[in-house]
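For reference, query18.cif is printed below; it contains mmCIF, C-alpha atoms; chains and numbers go by the auth columns.
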```cif
data_target
loop_
_atom_site.group_PDB
_atom_site.id
_atom_site.type_symbol
_atom_site.label_atom_id
_atom_site.label_comp_id
_atom_site.label_asym_id
_atom_site.label_seq_id
_atom_site.Cartn_x
_atom_site.Cartn_y
_atom_site.Cartn_z
_atom_site.B_iso_or_equiv
_atom_site.auth_seq_id
_atom_site.auth_asym_id
ATOM 1 C CA MET A 1 9.664 23.181 5.386 0.00 221 A
ATOM 2 C CA GLY A 2 13.007 21.561 4.492 0.00 222 A
ATOM 3 C CA ILE A 3 14.726 21.268 1.141 0.00 223 A
ATOM 4 C CA PHE A 4 13.559 17.714 0.585 0.00 224 A
ATOM 5 C CA ASP A 5 9.951 18.651 1.410 0.00 225 A
ATOM 6 C CA ARG A 6 10.040 21.372 -1.250 0.00 226 A
ATOM 7 C CA ARG A 7 11.572 19.002 -3.766 0.00 227 A
ATOM 8 C CA ARG A 8 8.958 16.326 -3.086 0.00 228 A
ATOM 9 C CA GLU A 9 6.175 18.847 -3.394 0.00 229 A
ATOM 10 C CA ARG A 10 7.418 20.040 -6.782 0.00 230 A
ATOM 11 C CA ASP A 11 7.879 16.494 -8.039 0.00 231 A
ATOM 12 C CA ASN A 12 4.398 15.414 -6.989 0.00 232 A
ATOM 13 C CA GLU A 13 3.493 14.183 -10.444 0.00 233 A
ATOM 14 C CA LYS A 14 6.351 11.669 -10.332 0.00 234 A
ATOM 15 C CA MET A 15 5.842 10.330 -6.822 0.00 235 A
ATOM 16 C CA ASP A 16 3.783 7.344 -7.884 0.00 236 A
ATOM 17 C CA SER A 17 6.630 6.011 -9.992 0.00 237 A
ATOM 18 C CA PRO A 18 8.883 3.417 -8.314 0.00 238 A
ATOM 19 C CA LEU A 19 11.777 4.791 -10.361 0.00 239 A
ATOM 20 C CA TRP A 20 11.561 8.135 -8.575 0.00 240 A
ATOM 21 C CA GLN A 21 10.684 6.691 -5.173 0.00 241 A
ATOM 22 C CA LYS A 22 13.706 4.376 -5.096 0.00 242 A
ATOM 23 C CA ALA A 23 16.235 6.776 -6.626 0.00 243 A
ATOM 24 C CA TYR A 24 18.942 8.241 -4.430 0.00 244 A
ATOM 25 C CA ILE A 25 18.639 11.936 -3.557 0.00 245 A
ATOM 26 C CA PRO A 26 22.162 13.144 -2.842 0.00 246 A
ATOM 27 C CA SER A 27 22.752 15.701 -0.148 0.00 247 A
ATOM 28 C CA TYR A 28 25.781 17.912 -0.381 0.00 248 A
ATOM 29 C CA SER A 29 29.014 18.283 1.497 0.00 249 A
ATOM 30 C CA PHE A 30 31.398 21.183 1.208 0.00 250 A
ATOM 31 C CA ILE A 31 34.790 20.463 -0.312 0.00 251 A
ATOM 32 C CA THR A 32 37.630 22.761 -1.306 0.00 252 A
ATOM 33 C CA ASP A 33 39.526 22.630 -4.567 0.00 253 A
ATOM 34 C CA ASP A 34 43.301 22.841 -4.970 0.00 254 A
ATOM 35 C CA HIS A 35 43.092 26.628 -4.619 0.00 255 A
ATOM 36 C CA GLY A 36 41.066 26.509 -1.395 0.00 256 A
ATOM 37 C CA SER A 37 37.778 27.602 -2.990 0.00 257 A
ATOM 38 C CA PRO A 38 34.692 25.986 -1.416 0.00 258 A
ATOM 39 C CA SER A 39 32.220 24.002 -3.492 0.00 259 A
ATOM 40 C CA ALA A 40 29.043 22.089 -2.663 0.00 260 A
ATOM 41 C CA ALA A 41 29.662 18.508 -3.794 0.00 261 A
ATOM 42 C CA PHE A 42 27.069 15.871 -4.662 0.00 262 A
ATOM 43 C CA GLY A 43 27.904 12.178 -5.033 0.00 263 A
ATOM 44 C CA LEU A 44 27.101 10.067 -8.080 0.00 264 A
ATOM 45 C CA SER A 45 27.693 6.388 -7.362 0.00 265 A
ATOM 46 C CA GLU A 46 28.092 3.503 -9.727 0.00 266 A
ATOM 47 C CA GLY A 47 25.049 1.225 -9.903 0.00 267 A
ATOM 48 C CA ILE A 48 22.555 3.582 -8.225 0.00 268 A
ATOM 49 C CA ALA A 49 19.735 5.504 -9.907 0.00 269 A
ATOM 50 C CA THR A 50 20.133 9.122 -8.819 0.00 270 A
ATOM 51 C CA ARG A 51 18.049 12.285 -8.822 0.00 271 A
ATOM 52 C CA LEU A 52 20.050 15.397 -9.680 0.00 272 A
ATOM 53 C CA LEU A 53 18.918 18.991 -9.426 0.00 273 A
ATOM 54 C CA LYS A 54 18.925 20.888 -12.703 0.00 274 A
ATOM 55 C CA LYS A 55 19.686 24.188 -10.953 0.00 275 A
ATOM 56 C CA PRO A 56 21.165 23.561 -7.512 0.00 276 A
ATOM 57 C CA ARG A 57 21.672 27.300 -6.921 0.00 277 A
ATOM 58 C CA GLU A 58 17.908 27.627 -6.453 0.00 278 A
ATOM 59 C CA PHE A 59 18.055 25.259 -3.469 0.00 279 A
ATOM 60 C CA TYR A 60 21.515 25.848 -2.023 0.00 280 A
ATOM 61 C CA GLU A 61 22.318 29.500 -1.521 0.00 281 A
ATOM 62 C CA GLU A 62 25.452 28.944 0.568 0.00 282 A
ATOM 63 C CA THR A 63 27.658 28.768 -2.521 0.00 283 A
ATOM 64 C CA ASP A 64 27.574 29.323 -6.242 0.00 284 A
ATOM 65 C CA ARG A 65 30.052 26.534 -7.028 0.00 285 A
ATOM 66 C CA PHE A 66 28.896 22.933 -7.388 0.00 286 A
ATOM 67 C CA THR A 67 30.775 19.701 -8.039 0.00 287 A
ATOM 68 C CA LEU A 68 29.800 16.118 -8.785 0.00 288 A
ATOM 69 C CA ILE A 69 31.872 13.453 -7.046 0.00 289 A
ATOM 70 C CA LEU A 70 32.120 10.218 -9.035 0.00 290 A
ATOM 71 C CA ILE A 71 32.193 7.145 -6.791 0.00 291 A
ATOM 72 C CA SER A 72 33.115 3.669 -8.027 0.00 292 A
ATOM 73 C CA ALA A 73 31.735 0.538 -6.375 0.00 293 A
ATOM 74 C CA THR A 74 33.992 -1.553 -8.625 0.00 294 A
ATOM 75 C CA GLU A 75 37.167 0.055 -7.288 0.00 295 A
ATOM 76 C CA ASN A 76 35.638 1.098 -3.959 0.00 296 A
ATOM 77 C CA LYS A 77 36.979 4.638 -4.240 0.00 297 A
ATOM 78 C CA ILE A 78 36.324 8.147 -5.486 0.00 298 A
ATOM 79 C CA LEU A 79 37.250 8.343 -9.153 0.00 299 A
ATOM 80 C CA GLY A 80 37.274 12.107 -9.377 0.00 300 A
ATOM 81 C CA TYR A 81 35.413 15.387 -9.373 0.00 301 A
ATOM 82 C CA VAL A 82 33.633 17.140 -12.236 0.00 302 A
ATOM 83 C CA PRO A 83 32.190 20.667 -12.263 0.00 303 A
ATOM 84 C CA TYR A 84 28.426 20.280 -11.887 0.00 304 A
ATOM 85 C CA GLU A 85 27.444 22.176 -15.033 0.00 305 A
ATOM 86 C CA LYS A 86 29.734 20.043 -17.207 0.00 306 A
ATOM 87 C CA ALA A 87 28.502 16.901 -15.480 0.00 307 A
ATOM 88 C CA MET A 88 24.869 17.794 -16.150 0.00 308 A
ATOM 89 C CA LYS A 89 25.527 17.983 -19.890 0.00 309 A
ATOM 90 C CA ILE A 90 26.940 14.453 -19.788 0.00 310 A
ATOM 91 C CA ALA A 91 24.193 13.240 -17.430 0.00 311 A
ATOM 92 C CA GLU A 92 21.551 14.066 -20.051 0.00 312 A
ATOM 93 C CA LYS A 93 22.795 11.035 -22.001 0.00 313 A
ATOM 94 C CA PHE A 94 21.890 8.787 -19.038 0.00 314 A
ATOM 95 C CA GLN A 95 18.632 10.528 -18.146 0.00 315 A
ATOM 96 C CA ILE A 96 15.553 8.320 -17.948 0.00 316 A
ATOM 97 C CA ASP A 97 13.043 10.902 -16.712 0.00 317 A
ATOM 98 C CA GLU A 98 12.777 14.494 -15.538 0.00 318 A
ATOM 99 C CA THR A 99 10.650 16.972 -13.662 0.00 319 A
ATOM 100 C CA ARG A 100 10.800 20.724 -13.693 0.00 320 A
ATOM 101 C CA ASP A 101 13.599 20.720 -11.090 0.00 321 A
ATOM 102 C CA GLU A 102 15.345 17.365 -11.428 0.00 322 A
ATOM 103 C CA ILE A 103 16.587 14.716 -13.788 0.00 323 A
ATOM 104 C CA LEU A 104 16.600 11.017 -12.999 0.00 324 A
ATOM 105 C CA ILE A 105 19.806 9.234 -13.988 0.00 325 A
ATOM 106 C CA ARG A 106 19.761 5.489 -14.577 0.00 326 A
ATOM 107 C CA PRO A 107 22.212 3.355 -12.596 0.00 327 A
ATOM 108 C CA LEU A 108 25.616 3.959 -14.159 0.00 328 A
ATOM 109 C CA SER A 109 28.351 1.467 -14.932 0.00 329 A
ATOM 110 C CA TYR A 110 32.043 2.005 -14.250 0.00 330 A
ATOM 111 C CA THR A 111 32.494 2.823 -17.955 0.00 331 A
ATOM 112 C CA ASP A 112 29.700 5.403 -17.771 0.00 332 A
ATOM 113 C CA LEU A 113 31.458 7.148 -14.881 0.00 333 A
ATOM 114 C CA GLN A 114 34.630 7.261 -16.951 0.00 334 A
ATOM 115 C CA GLU A 115 32.762 9.322 -19.570 0.00 335 A
ATOM 116 C CA PHE A 116 32.228 12.034 -16.952 0.00 336 A
ATOM 117 C CA LEU A 117 35.950 12.092 -16.174 0.00 337 A
ATOM 118 C CA ALA A 118 36.945 12.190 -19.836 0.00 338 A
ATOM 119 C CA ALA A 119 34.900 15.349 -20.372 0.00 339 A
ATOM 120 C CA LYS A 120 36.390 17.054 -17.350 0.00 340 A
#
```
When written as structure tokens, how does the structure in this file appear?
Amino acid sequence: MGIFDRRRERDNEKMDSPLWQKAYIPSYSFITDDHGSPSAAFGLSEGIATRLLKKPREFYEETDRFTLILISATENKILGYVPYEKAMKIAEKFQIDETRDEILIRPLSYTDLQEFLAAK
């Protein structure tokens, strides 16, 4: 059983909702910071409802460092990187629903993404 199967199983109560069905589920990529330390990075794109794990360490055991990559459709580029734990505190403001394991973030504007960078 894969990671997405486990997540779907746990979120069963939300599966009937079009909000959850259509929301983007980001997978991770490994990146390294300026000091060469690896981090699992998840993308958060402008204009797309996104499901984010509350505790990614429970699903991804390869690392204990997590980052959120902020992607702008307006500028067609990566705006920056925010440590996942800090990003989750900001994401609560944009949360429209949640399950035990995930929060659902409404589609964000360019200005909303800037709030994440300001708190960095």
Hits from the PyMOL selection byres ((chain A and resi 267) around 6), listed as a JSON list (two decimals) with C-alpha atoms, in the coordinates of the input:
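Final output, selection06.json:
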```
[["chain", "number", "residue", "atom", "x", "y", "z"],
["A", 266, "GLU", "CA", 28.09, 3.50, -9.73],
["A", 268, "ILE", "CA", 22.56, 3.58, -8.22],
["A", 327, "PRO", "CA", 22.21, 3.36, -12.60],
["A", 328, "LEU", "CA", 25.62, 3.96, -14.16]]
```
* Find the residues with any atom within 9 Å of (14.4, 5.2, -8.4); use all atoms listed in the file and the coordinates as given in the file, and write the answer as a ChimeraX atom specification. => /A:237-244,268-271,324-326
* Would you translate the PyMOL selection byres ((chain A and resi 259-265) around 6) into the concrete set of residues it matches in this file, as a PyMOL selection string? => chain A and resi 246+248-252+258+266+268+285-291
* Structure fact -> Of A:Glu281, A:Ala293, A:Leu272, A:Leu299, the one nearest to Asp317 of chain A when counting only C-alpha atoms is A:Leu272
Who sits within 9 Å of segment 310-313 of chain A, only C-alpha atoms, same chain under 5 positions skipped, as a PDB file with C-alpha atoms, keeping the file's coordinate frame:
```pdb
ATOM      1  CA  ILE A 323      16.587  14.716 -13.788  1.00  0.00           C
ATOM      2  CA  ILE A 325      19.806   9.234 -13.988  1.00  0.00           C
ATOM      3  CA  GLU A 335      32.762   9.322 -19.570  1.00  0.00           C
ATOM      4  CA  PHE A 336      32.228  12.034 -16.952  1.00  0.00           C
ATOM      5  CA  ALA A 339      34.900  15.349 -20.372  1.00  0.00           C
TER       6      ALA A 339
END
```
* To do: With only C-alpha atoms counted, which protein, DNA or RNA residues have an atom no more than 12 Å from (27.2, 26.2, -13.1) in the file frame? Please answer as a VMD selection string.
  => chain A and resid 259 to 260 273 to 278 283 to 288 302 to 309
* Rounded to one decimal place, report the atom CA of Gln334 of chain A-atom CA of Asn296 of chain A distance in Å. =>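 We find that atom CA of Gln334 of chain A and atom CA of Asn296 of chain A lie 14.4 Å from each other.
Counting from atom CA of Tyr330 of chain A, the distance to atom CA of Thr294 of chain A is 6.9 Å.
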